[in-house]
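Written out below as structure tokens is the structure these notes cover.
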Amino acid sequence: MKQYTLKPAAHPIIQPFKKKKFLSNNLPASSVNKQSTARDMTEGSPMKLIIQFALPLLFGYLFQQFYSLVDTIIVGRFLGVNALASVGATGSINFLIIGFCMGVCNGFAIPVAQCFGAKDEASLRKYVANGVWLSGIFAVIMTLVVTILCRNILIWMKTPADILEGAYRYIVIIFIGIPVTYLYNMLSGIIRSLGDSKTPVLFLTLSSVLNIVLDLFCIIELHMGVAGAAIATVISQGVSGVLCFFYMKKKFAILKLTKEDWKFNPQYIKNLLNMGVPMGLQYSITAIGSVILQSAVNTLGSLAVAAVTAGSKIGAFFCCPFDAMGSTMATYGGQNVGAKKLDRLGAGLRSCILLGFSYAVLAFVFLLFFGKNLAVLFIEPDQMEILNNVHLYLLLNSGFYISLALVNIIRFLIQGMGFSRFAILSGLFEMVARTLVAWLFVPIWGFQGACLANAAAWLFADFFLIPAFFYCRRRMTVMLKNSAKVSLS
């Protein structure tokens, strides 16, 4: 069996062939005074740190899903079931493209977190600057390509004819707004990497309120239909990105970039790509399975699409704690690897898993008794077939939330440790699972088969991720030992 070696370019912090000078464990007084919102996650109780970091993220994700719910409710109530299905039919392709943007930005932020943990401020600033360059390049190229191809993709996905035009009007506007997606996710990722999980949430909350107001104005007053909902989303996210920019510029002395920092550095670019692209591809590969599944659901008709849309919106709301735990573990892992405190990785993992499992049980019990009541927010009470399908979707998904907890916690921890390529493999497992369900179970079991897709995807990913974590930790331990030996020689 070939020995696995992580090349230096794939891990910006641990480079065993090279001595690296770190700053002292205490930030300069000028930096500390101007970045009091930053949090060092390399010291103290892992459970306490995880809860403190995750709670603001959770609030942000909940509020984000809240305005997404309101957006869907407005579309469903004021524009009808077909409009609701039009927006829902774009969910998987939206995840495919926008998920890649988010994954890339999360990956670009990992070297920043590692440098912050290592107290290497000079490298941190260079990673920020080169990450901004890359984000701009990615944004321009992706916007041009996907806006041209999105109609053909919707047709290939067998989008029902009665909702095709509405789906296209919605998603093409979302894709035109890809640059603001990069703006917010890149800047908020940097802020979180410095240990500040509260400020991006505050800005996201403000933009969410704006989104709701714009939704009502564009749809009810301007009669813009589903296009109005998309315009509201793009504008509000752009506002949150601008707020992040001005906050960073004013608050963080450590991010005062010089002309030298802004130079296009091939080594930093390579390291960023090695972190960002695998994470982006993980989202996209996962989404390919969702696209294939959506195509299968589309063959069941617009009523089935509407049921999946409503169920997915409700389910996304209940999955917010898992998203918050994942983002927390990425920063936790990155900072502790940067500080070379690998013993804290296992303790943090155990603490977060305990939180995830406890919440998963509570969420299932709640949806068991109240899931159908939540569906009435989207669907008229007399449409019993859709309501029953939404409840079935919620039960079959929430019954496997423990598996989802493991996926998010372990995958993001591995990414924070610097092993981003493993994210692609876990995404591949999810894609295979959703594809098998779409091809084998949906044609036989119909809507019930589609409800099993997420559960299958999470289980498949866990089969890979659990042993992968122990492998990555062993490799990291060996790398640190080798680095120490070279430093002493």
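Letters A, B, ... mark the chains of the structure tokens in the order given; residue numbers begin at 1 per chain; ligand numbers begin at 1, in order shown.
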
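Contact shell of A:Gly301 at 12 Å (only C-alpha atoms; same-chain neighbours under 6 positions omitted): Val81, Asn82, Ala85, Ser86, Ala89, Lys158, Thr159, Pro160, Ala161, Asp162, Ile163, Gln294, Ser295, Ala307, Val308, Ile386, Gly446 and Phe447 of chain A.
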
Proximity of stretch 153-209 of chain A to stretch 45-55 of chain A: per-residue shortest pair, 12 Å limit, only C-alpha atoms, as a Markdown table:
| residue | atom | partner | partner_atom | distance |
| --- | --- | --- | --- | --- |
| A:Arg192 | CA | A:Phe53 | CA | 9.1 |
| A:Ser193 | CA | A:Phe53 | CA | 11.0 |
| A:Leu194 | CA | A:Phe53 | CA | 11.3 |
| A:Gly195 | CA | A:Phe53 | CA | 7.6 |
| A:Asp196 | CA | A:Phe53 | CA | 7.8 |
| A:Ser197 | CA | A:Phe53 | CA | 6.0 |
| A:Lys198 | CA | A:Phe53 | CA | 8.0 |
| A:Thr199 | CA | A:Phe53 | CA | 11.4 |
| A:Val201 | CA | A:Leu55 | CA | 10.1 |

Would you output that residue set with N, CA and C atoms, as a CSV table (one decimal), in the first residue's frame?
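Final output, saved to out_22.csv:
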chain,number,residue,atom,x,y,z
A,192,ARG,N,-15.1,34.8,10.7
A,192,ARG,CA,-15.3,33.6,11.6
A,192,ARG,C,-14.0,33.0,11.9
A,193,SER,N,-13.1,33.0,10.9
A,193,SER,CA,-11.7,32.3,11.1
A,193,SER,C,-11.0,33.0,12.2
A,194,LEU,N,-11.2,34.3,12.4
A,194,LEU,CA,-10.6,35.0,13.5
A,194,LEU,C,-11.3,34.8,14.8
A,195,GLY,N,-12.3,33.9,14.9
A,195,GLY,CA,-13.0,33.6,16.1
A,195,GLY,C,-14.3,34.4,16.4
A,196,ASP,N,-14.6,35.3,15.4
A,196,ASP,CA,-15.8,36.2,15.6
A,196,ASP,C,-17.0,35.6,14.9
A,197,SER,N,-17.9,34.8,15.5
A,197,SER,CA,-19.0,34.3,14.9
A,197,SER,C,-20.3,35.1,15.0
A,198,LYS,N,-20.2,36.2,15.8
A,198,LYS,CA,-21.4,37.0,16.1
A,198,LYS,C,-21.6,38.0,15.0
A,199,THR,N,-20.6,38.7,14.6
A,199,THR,CA,-20.8,39.9,13.6
A,199,THR,C,-21.4,39.5,12.3
A,201,VAL,N,-23.3,37.1,11.7
A,201,VAL,CA,-24.7,36.8,12.0
A,201,VAL,C,-25.6,38.1,12.1

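For the pair atom CA of A:Asn388 and atom CA of A:Asn454, the interatomic distance is 18.5 Å.
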
Exercise. Which neighbours of A:Ala287 fall inside 9 Å, counting only C-alpha atoms, when residues of the same chain fewer than 4 positions from it are skipped, and could you give them as a count of residues only?
Worked result: 14

Residues of stretch 98-147 of chain A that approach stretch 176-180 of chain A to 12 Å or less, counting only C-alpha atoms: could you list each one with the shortest pair of atoms and its distance in Å to one decimal, rows by chain and increasing residue number, as CSV?
residue,atom,partner,partner_atom,distance
A:Ile98,CA,A:Ile178,CA,7.4
A:Gly99,CA,A:Ile178,CA,10.8
A:Phe100,CA,A:Ile178,CA,10.6
A:Cys101,CA,A:Ile178,CA,7.9
A:Met102,CA,A:Ile178,CA,10.3
A:Cys105,CA,A:Pro179,CA,11.9
A:Val132,CA,A:Pro179,CA,11.6
A:Leu134,CA,A:Pro179,CA,11.9
A:Ser135,CA,A:Pro179,CA,8.5
A:Gly136,CA,A:Pro179,CA,7.4
A:Ile137,CA,A:Pro179,CA,9.6
A:Phe138,CA,A:Pro179,CA,8.7
A:Ala139,CA,A:Pro179,CA,5.0
A:Val140,CA,A:Pro179,CA,7.0
A:Ile141,CA,A:Pro179,CA,9.9
A:Met142,CA,A:Ile178,CA,7.6
A:Thr143,CA,A:Ile176,CA,5.9
A:Leu144,CA,A:Ile176,CA,8.2
A:Val145,CA,A:Ile176,CA,10.2
A:Val146,CA,A:Ile176,CA,8.6
A:Thr147,CA,A:Ile176,CA,6.6

Go ahead and write the residues just picked, all heavy atoms, as a compact mmCIF listing (two decimals), in the first residue's frame.
# COMPACT_ATOMS: atom_id res chain seq x y z
N ILE A 98 -24.46 27.64 -6.13
CA ILE A 98 -24.23 28.49 -4.96
C ILE A 98 -23.47 27.71 -3.88
O ILE A 98 -22.64 28.27 -3.16
CB ILE A 98 -25.55 29.04 -4.42
CG1 ILE A 98 -26.28 29.84 -5.52
CG2 ILE A 98 -25.30 29.93 -3.21
CD1 ILE A 98 -25.49 30.98 -6.10
N GLY A 99 -23.75 26.40 -3.78
CA GLY A 99 -23.02 25.58 -2.83
C GLY A 99 -21.53 25.55 -3.14
O GLY A 99 -20.69 25.57 -2.24
N PHE A 100 -21.18 25.52 -4.44
CA PHE A 100 -19.77 25.56 -4.82
C PHE A 100 -19.15 26.88 -4.37
O PHE A 100 -18.03 26.89 -3.83
CB PHE A 100 -19.61 25.40 -6.33
CG PHE A 100 -18.19 25.45 -6.80
CD1 PHE A 100 -17.40 24.32 -6.76
CD2 PHE A 100 -17.63 26.63 -7.27
CE1 PHE A 100 -16.07 24.36 -7.18
CE2 PHE A 100 -16.31 26.69 -7.68
CZ PHE A 100 -15.53 25.55 -7.65
N CYS A 101 -19.86 27.98 -4.58
CA CYS A 101 -19.35 29.29 -4.15
C CYS A 101 -19.09 29.30 -2.64
O CYS A 101 -18.02 29.75 -2.18
CB CYS A 101 -20.36 30.38 -4.49
SG CYS A 101 -20.78 30.53 -6.24
N MET A 102 -20.06 28.80 -1.87
CA MET A 102 -19.91 28.79 -0.41
C MET A 102 -18.77 27.88 0.02
O MET A 102 -17.98 28.21 0.92
CB MET A 102 -21.22 28.34 0.22
CG MET A 102 -22.38 29.30 -0.02
SD MET A 102 -23.96 28.63 0.51
CE MET A 102 -23.67 28.38 2.26
N CYS A 105 -15.35 29.50 -0.66
CA CYS A 105 -15.05 30.56 0.32
C CYS A 105 -14.72 29.98 1.68
O CYS A 105 -13.82 30.47 2.37
CB CYS A 105 -16.25 31.51 0.42
SG CYS A 105 -16.53 32.50 -1.07
N VAL A 132 -9.08 36.99 -1.82
CA VAL A 132 -9.95 37.98 -2.47
C VAL A 132 -9.74 37.97 -3.98
O VAL A 132 -10.71 38.02 -4.75
CB VAL A 132 -9.68 39.38 -1.88
CG1 VAL A 132 -10.40 40.45 -2.70
CG2 VAL A 132 -10.11 39.44 -0.42
N LEU A 134 -8.72 35.46 -5.86
CA LEU A 134 -9.31 34.24 -6.40
C LEU A 134 -10.84 34.31 -6.41
O LEU A 134 -11.48 33.87 -7.37
CB LEU A 134 -8.85 33.03 -5.59
CG LEU A 134 -7.45 32.51 -5.86
CD1 LEU A 134 -7.12 31.37 -4.91
CD2 LEU A 134 -7.32 32.05 -7.30
N SER A 135 -11.43 34.85 -5.36
CA SER A 135 -12.89 34.96 -5.29
C SER A 135 -13.43 35.81 -6.43
O SER A 135 -14.45 35.47 -7.04
CB SER A 135 -13.31 35.56 -3.95
OG SER A 135 -12.98 34.71 -2.88
N GLY A 136 -12.74 36.91 -6.72
CA GLY A 136 -13.17 37.76 -7.83
C GLY A 136 -13.10 37.04 -9.17
O GLY A 136 -14.02 37.14 -10.00
N ILE A 137 -12.03 36.29 -9.39
CA ILE A 137 -11.87 35.55 -10.66
C ILE A 137 -12.95 34.48 -10.78
O ILE A 137 -13.61 34.35 -11.83
CB ILE A 137 -10.47 34.92 -10.73
CG1 ILE A 137 -9.40 36.02 -10.81
CG2 ILE A 137 -10.36 33.97 -11.92
CD1 ILE A 137 -7.97 35.50 -10.65
N PHE A 138 -13.16 33.72 -9.72
CA PHE A 138 -14.18 32.67 -9.73
C PHE A 138 -15.56 33.27 -9.98
O PHE A 138 -16.37 32.70 -10.72
CB PHE A 138 -14.18 31.92 -8.40
CG PHE A 138 -13.20 30.79 -8.31
CD1 PHE A 138 -11.84 31.02 -8.49
CD2 PHE A 138 -13.62 29.51 -8.04
CE1 PHE A 138 -10.94 29.98 -8.42
CE2 PHE A 138 -12.71 28.45 -7.95
CZ PHE A 138 -11.36 28.70 -8.14
N ALA A 139 -15.85 34.40 -9.34
CA ALA A 139 -17.18 35.00 -9.45
C ALA A 139 -17.49 35.41 -10.88
O ALA A 139 -18.60 35.15 -11.39
CB ALA A 139 -17.27 36.21 -8.52
N VAL A 140 -16.54 36.03 -11.55
CA VAL A 140 -16.76 36.50 -12.92
C VAL A 140 -16.99 35.33 -13.87
O VAL A 140 -17.94 35.30 -14.66
CB VAL A 140 -15.58 37.36 -13.40
CG1 VAL A 140 -15.70 37.66 -14.90
CG2 VAL A 140 -15.52 38.66 -12.61
N ILE A 141 -16.12 34.33 -13.79
CA ILE A 141 -16.22 33.19 -14.70
C ILE A 141 -17.51 32.42 -14.48
O ILE A 141 -18.24 32.08 -15.43
CB ILE A 141 -15.00 32.25 -14.52
CG1 ILE A 141 -13.72 32.97 -14.96
CG2 ILE A 141 -15.19 30.96 -15.32
CD1 ILE A 141 -12.45 32.18 -14.69
N MET A 142 -17.84 32.15 -13.23
CA MET A 142 -19.04 31.37 -12.93
C MET A 142 -20.31 32.10 -13.34
O MET A 142 -21.25 31.49 -13.86
CB MET A 142 -19.08 31.02 -11.45
CG MET A 142 -18.06 29.99 -11.02
SD MET A 142 -18.23 29.53 -9.29
CE MET A 142 -19.87 28.78 -9.29
N THR A 143 -20.36 33.41 -13.12
CA THR A 143 -21.55 34.17 -13.48
C THR A 143 -21.82 34.08 -14.97
O THR A 143 -22.95 33.85 -15.41
CB THR A 143 -21.39 35.64 -13.06
OG1 THR A 143 -21.17 35.72 -11.66
CG2 THR A 143 -22.63 36.44 -13.42
N LEU A 144 -20.78 34.25 -15.78
CA LEU A 144 -20.95 34.19 -17.23
C LEU A 144 -21.41 32.82 -17.70
O LEU A 144 -22.33 32.69 -18.51
CB LEU A 144 -19.62 34.56 -17.91
CG LEU A 144 -19.16 36.02 -17.77
CD1 LEU A 144 -17.77 36.19 -18.36
CD2 LEU A 144 -20.15 36.96 -18.43
N VAL A 145 -20.79 31.78 -17.16
CA VAL A 145 -21.08 30.42 -17.64
C VAL A 145 -22.48 29.96 -17.25
O VAL A 145 -23.26 29.50 -18.08
CB VAL A 145 -20.02 29.43 -17.12
CG1 VAL A 145 -20.42 27.99 -17.47
CG2 VAL A 145 -18.65 29.75 -17.71
N VAL A 146 -22.82 30.09 -15.97
CA VAL A 146 -24.07 29.49 -15.51
C VAL A 146 -25.31 30.26 -15.97
O VAL A 146 -26.37 29.67 -16.16
CB VAL A 146 -24.09 29.32 -13.98
CG1 VAL A 146 -22.97 28.41 -13.53
CG2 VAL A 146 -24.03 30.66 -13.27
N THR A 147 -25.19 31.58 -16.15
CA THR A 147 -26.36 32.32 -16.64
C THR A 147 -26.69 31.94 -18.08
O THR A 147 -27.85 31.97 -18.49
CB THR A 147 -26.13 33.84 -16.55
OG1 THR A 147 -24.90 34.18 -17.18
CG2 THR A 147 -26.11 34.30 -15.12

Hey, which bits of stretch 340-403 of chain A sit within 8 Å of stretch 313-329 of chain A, and for each residue what's the closest pair of atoms and how far apart in Å (one decimal), counting only C-alpha atoms, rows by chain and increasing number, as JSON lines?
{"residue": "A:Gly348", "atom": "CA", "partner": "A:Met329", "partner_atom": "CA", "distance": 7.9}
{"residue": "A:Leu349", "atom": "CA", "partner": "A:Met329", "partner_atom": "CA", "distance": 7.9}
{"residue": "A:Cys352", "atom": "CA", "partner": "A:Met325", "partner_atom": "CA", "distance": 7.0}
{"residue": "A:Gly356", "atom": "CA", "partner": "A:Phe322", "partner_atom": "CA", "distance": 6.8}
{"residue": "A:Tyr359", "atom": "CA", "partner": "A:Pro321", "partner_atom": "CA", "distance": 8.0}
{"residue": "A:Ala363", "atom": "CA", "partner": "A:Phe318", "partner_atom": "CA", "distance": 6.9}
{"residue": "A:Leu374", "atom": "CA", "partner": "A:Ile314", "partner_atom": "CA", "distance": 7.5}
{"residue": "A:Ala375", "atom": "CA", "partner": "A:Ile314", "partner_atom": "CA", "distance": 7.8}
{"residue": "A:Leu394", "atom": "CA", "partner": "A:Gly315", "partner_atom": "CA", "distance": 6.4}
{"residue": "A:Asn397", "atom": "CA", "partner": "A:Gly315", "partner_atom": "CA", "distance": 7.8}
{"residue": "A:Ser398", "atom": "CA", "partner": "A:Gly315", "partner_atom": "CA", "distance": 7.8}

Problem set entry | Near-A:Leu345 list (10 Å; only C-alpha atoms; drop same-chain fewer than 3 positions) as an NGL selection string | :A and (42 or 46 or 329 or 332-334 or 336-337 or 341-342 or 348-350 or 413-414 or 417 or 473)
